[in-house]
Amino acid sequence: MSVIFEPFKIKSVEPIRMTTREEREYLLQAAGYNLFLINSEDVLIDLLTDSGTSAMSSEQWAGIMRGDEAYACSKSWFRMRDTIREIFGFEHVIPTHQGRAAERILFSIMCKKGHIVPNNTHFDTTRANIEYHGARAIDLLKKEALDPAAELPFKGDMDIVALEKTINKAGQEHVPLILLTITNNSGGGQPVSMSNIRAVSAVAQKYNIPFYFDACRFAENAYFIKLREPGYQNKQVKEIVRDMFSYADGCTMSAKKDALVNIGGFLCTNDGRLAEQERELLILTEGFPTYGGLAGRDLEAIAVGLHEVLNEDYLRYRIASTQYLGRHISEAGVPIVQPPGGHAVYIDAKAMLPHIPVDRYPGQALSIELYLHAGIRSVEIGSVMFARKDPKTGSDIPAPMELVRLAIPRRVYTQSHIDFVVEAILEVYARKDKIRGVKIVQQAPFLRHFTAKFKFVK
Ligand SMILES: *Cc1c(COP(=O)(O)O)cnc(C)c1O
């Protein structure tokens with residue numbers, strides 16, 4: 001059977017308020033055509049992010065009631081620690097309120113001015129936390145992965161030749177750690193192969209450099225290995241995860257992704273001395289080492305979520321649903337980043353709307369149109385978000401790509417919702433020549449995409 005089967009029943013529902021096109025026209029105008037400024041109750045299908053937007057299970061909600069709120073050494077803490085030890089195999093677990101708190105603690109100890117940190121692609125908070133300590137964050141994706149149309153099974157793989165070159169050029173004493181982001185968030189969650197993980201680990205060992213995962217979507221990555229890498233078809237995802245993590249010295253994790261919770265994170269290592277230093281920093285800003293800025297009930301929900309995310313019926317549904325959305329719009333002609341990743345589909349707005357120049361923001365124009373037409377909230381990942389200022393002229397240097405990301409929250413939407421999104425995108429695509437570009441009429445000096453105001457150009 002080919003129909004996508006959600007391996008869960010719905011016990012509690014959150015109504016979606018329907019809106020009319022006229023209402024959405026008004027709401028958009030009031031929000032200055034910035035979708036970050038639209039109230040969530042005015043959104044029909046919210047594909048802004050997969051972060052912290054998962055639906056929790058009845059077992060997780062039961063865990064919320066079981067949560068032990070003792071300040072020190074609560075039962076919930078030991079449940080979370082033991083679950084992480086069992087799944088990932090690391091000795092020391094440091095709980096944090098989000099992924100970026102784990103990053104900040106790790107990099108404040110490891111990174112100094114003059115250091116460089118290689119990664120397949122740094123997530124924006126990862127890059128910012130590295131650069132805040134004076135180190136340089138370097139992306140080493142393989143060349144062929146930069147082509148949006150290239151259909152490769154493991155587009156998140158790191159370029160091993162470039163990695164060794166970078167280490168030799170900088171000197172190994174200037175490389176405090178090597179990171180690998182699984183799945184690679186930019187590009188919509190492209191997976192990293194086991195053979196690439198092994199190769200990165202071999203380089204790290206050769207130069208005696210610690211090797212860490214940015215592990216936010218570890219289960220989705222493991223499932224792609226099972227689907228696509230020869231030799232893994234008959235292995236359990238749980239075994240694949242253990243195998244992946246056996247090559248690493250530690251990880252940072254945002255539980256808002258593959259731990260199926262709405263808040264939380266953690267940091268892992270096998271190095272006892274490093275863990276001591278990390279706990280000292282944790283106490284300064286996050287909390288005591290057995291809760292790290294989270295409530296006991298959050299620790300409990302993470303422990304349950306980490307088991308549930310490894311359920312292969314869940315992963316089959318999760319990955320099939322994202323692939324379905326990508327395949328159905330691309331077969332009708334909509335240009336997307338191929339192949340669809342684990343958690344998101346990216347529409348190539350520059351290719352879809354060639355009549356809109358990049359300084360009229362085709363990605364923003366398309367995301368506005370998707371909301372106007374069908375109440376779908378997506379996010380522009382292009383020159384509104386990532387244009388850099390030319391230091392000489394002060395004018396904008398456009399981003400390399402003009403994309404619209406459709407990120408899919410976990411266990412939240414049904415197959416009919418996804419069919420609705422497909423239909424809406426195809427209707428917008430049919431009248432794409434009528435979509436107008438926009439200009440920015442108001443913006444902040446940093447991170448302008450969150451607050452900028454836009455107007456249609458004539
Ligand atoms: C979300 C994310 C982070 C940061 O996690 P937060 O919980 O948002 O602080 C780091 N790396 C990657 C790859 C992410 O997707």
# chains A, B, ... in the order shown; residues from 1 in each chain; ligands from 1
call {"tool": "residues_near_ligand", "arguments": {"ligand": "ligand 1", "cutoff": "6 Å", "atoms": "only C-alpha atoms and all ligand atoms", "output": "PyMOL selection string"}}
result
chain A and resi 98-100+123+125-126+181+185+214+216+254+256
call {"tool": "write_last_selection", "arguments": {"atoms": "N, CA and C atoms", "output": "PDB file, in the first residue's frame"}}
result
ATOM      1  N   GLN A  98      18.094  24.817  25.822  1.00  0.00           N
ATOM      2  CA  GLN A  98      17.967  24.703  24.358  1.00  0.00           C
ATOM      3  C   GLN A  98      19.303  24.227  23.804  1.00  0.00           C
ATOM      4  N   GLY A  99      19.340  23.996  22.506  1.00  0.00           N
ATOM      5  CA  GLY A  99      20.587  23.594  21.860  1.00  0.00           C
ATOM      6  C   GLY A  99      21.667  24.660  21.963  1.00  0.00           C
ATOM      7  N   ARG A 100      21.272  25.904  21.793  1.00  0.00           N
ATOM      8  CA  ARG A 100      22.278  26.976  21.768  1.00  0.00           C
ATOM      9  C   ARG A 100      22.958  27.159  23.112  1.00  0.00           C
ATOM     10  N   PHE A 123      24.925  25.681  11.651  1.00  0.00           N
ATOM     11  CA  PHE A 123      23.632  26.321  11.878  1.00  0.00           C
ATOM     12  C   PHE A 123      23.911  27.737  12.388  1.00  0.00           C
ATOM     13  N   THR A 125      22.997  29.633  14.967  1.00  0.00           N
ATOM     14  CA  THR A 125      23.385  29.852  16.377  1.00  0.00           C
ATOM     15  C   THR A 125      24.752  29.216  16.669  1.00  0.00           C
ATOM     16  N   THR A 126      25.058  28.129  15.965  1.00  0.00           N
ATOM     17  CA  THR A 126      26.345  27.451  16.156  1.00  0.00           C
ATOM     18  C   THR A 126      27.466  28.389  15.691  1.00  0.00           C
ATOM     19  N   THR A 181      26.954  18.185  11.389  1.00  0.00           N
ATOM     20  CA  THR A 181      25.546  18.453  11.691  1.00  0.00           C
ATOM     21  C   THR A 181      24.677  17.386  11.036  1.00  0.00           C
ATOM     22  N   ASN A 185      21.020  20.964   8.545  1.00  0.00           N
ATOM     23  CA  ASN A 185      19.794  21.769   8.567  1.00  0.00           C
ATOM     24  C   ASN A 185      19.626  22.598   7.300  1.00  0.00           C
ATOM     25  N   ASP A 214      26.474  17.817  15.930  1.00  0.00           N
ATOM     26  CA  ASP A 214      25.328  18.673  16.204  1.00  0.00           C
ATOM     27  C   ASP A 214      24.139  17.758  15.880  1.00  0.00           C
ATOM     28  N   CYS A 216      20.808  17.426  16.421  1.00  0.00           N
ATOM     29  CA  CYS A 216      19.377  17.772  16.500  1.00  0.00           C
ATOM     30  C   CYS A 216      18.445  16.777  15.817  1.00  0.00           C
ATOM     31  N   SER A 254      19.585  19.951  20.344  1.00  0.00           N
ATOM     32  CA  SER A 254      18.372  20.692  20.640  1.00  0.00           C
ATOM     33  C   SER A 254      17.237  19.684  20.705  1.00  0.00           C
ATOM     34  N   LYS A 256      14.304  20.234  20.914  1.00  0.00           N
ATOM     35  CA  LYS A 256      13.128  20.776  20.214  1.00  0.00           C
ATOM     36  C   LYS A 256      12.939  20.146  18.844  1.00  0.00           C
TER      37      LYS A 256
END
call {"tool": "residues_around", "arguments": {"residues": "Val428 (chain A)", "least_positions_apart": "4", "cutoff": "9 Å", "atoms": "only C-alpha atoms", "output": "list in words"}}
result
Leu366, Glu369, Leu370, His373, Glu423, Ala424, Lys432 and Ile435 of chain A
call {"tool": "write_last_selection", "arguments": {"atoms": "N, CA, C and O atoms", "output": "PDB file, in the first residue's frame"}}
result
ATOM      1  N   LEU A 366       6.918  35.052  -2.725  1.00  0.00           N
ATOM      2  CA  LEU A 366       6.236  33.750  -2.782  1.00  0.00           C
ATOM      3  C   LEU A 366       5.644  33.378  -1.425  1.00  0.00           C
ATOM      4  O   LEU A 366       4.512  32.875  -1.341  1.00  0.00           O
ATOM      5  N   GLU A 369       2.505  35.242  -0.926  1.00  0.00           N
ATOM      6  CA  GLU A 369       1.443  34.711  -1.786  1.00  0.00           C
ATOM      7  C   GLU A 369       0.849  33.414  -1.213  1.00  0.00           C
ATOM      8  O   GLU A 369      -0.365  33.206  -1.264  1.00  0.00           O
ATOM      9  N   LEU A 370       1.709  32.556  -0.643  1.00  0.00           N
ATOM     10  CA  LEU A 370       1.206  31.299  -0.060  1.00  0.00           C
ATOM     11  C   LEU A 370       0.282  31.580   1.129  1.00  0.00           C
ATOM     12  O   LEU A 370      -0.719  30.894   1.334  1.00  0.00           O
ATOM     13  N   HIS A 373      -3.026  33.238  -0.357  1.00  0.00           N
ATOM     14  CA  HIS A 373      -3.855  32.286  -1.094  1.00  0.00           C
ATOM     15  C   HIS A 373      -4.471  31.231  -0.182  1.00  0.00           C
ATOM     16  O   HIS A 373      -5.640  30.873  -0.348  1.00  0.00           O
ATOM     17  N   GLU A 423      -1.930  21.172  -2.957  1.00  0.00           N
ATOM     18  CA  GLU A 423      -2.906  21.797  -3.848  1.00  0.00           C
ATOM     19  C   GLU A 423      -2.726  23.320  -3.874  1.00  0.00           C
ATOM     20  O   GLU A 423      -2.754  23.942  -4.940  1.00  0.00           O
ATOM     21  N   ALA A 424      -2.530  23.904  -2.709  1.00  0.00           N
ATOM     22  CA  ALA A 424      -2.368  25.365  -2.627  1.00  0.00           C
ATOM     23  C   ALA A 424      -1.133  25.804  -3.413  1.00  0.00           C
ATOM     24  O   ALA A 424      -1.182  26.785  -4.170  1.00  0.00           O
ATOM     25  N   LYS A 432       1.797  31.960 -11.369  1.00  0.00           N
ATOM     26  CA  LYS A 432       3.032  32.528 -10.823  1.00  0.00           C
ATOM     27  C   LYS A 432       3.477  33.826 -11.514  1.00  0.00           C
ATOM     28  O   LYS A 432       4.091  34.683 -10.892  1.00  0.00           O
ATOM     29  N   ILE A 435       2.558  37.066  -9.754  1.00  0.00           N
ATOM     30  CA  ILE A 435       3.076  37.406  -8.420  1.00  0.00           C
ATOM     31  C   ILE A 435       4.041  38.587  -8.543  1.00  0.00           C
ATOM     32  O   ILE A 435       4.913  38.603  -9.401  1.00  0.00           O
TER      33      ILE A 435
END
call {"tool": "closest_residue", "arguments": {"among": "A:Arg104, A:Lys112, A:Lys389, A:Arg21", "to": "Ala128 (chain A)", "atoms": "only C-alpha atoms"}}
result
A:Arg104
call {"tool": "select_by_dssp", "arguments": {"residues": "region 211-383 of chain A", "states": "strand (DSSP E)", "output": "ChimeraX atom specification"}}
result
/A:211-214,250-254,265-269,344-348,376-377,379-381
call {"tool": "residues_around", "arguments": {"residues": "region 437-444 of chain A", "least_positions_apart": "6", "cutoff": "8 Å", "atoms": "only C-alpha atoms", "output": "JSON, numbers by chain"}}
result
{"A": [356, 357, 359, 360, 361, 362, 364, 365, 451, 452, 453, 454, 455, 456, 457]}
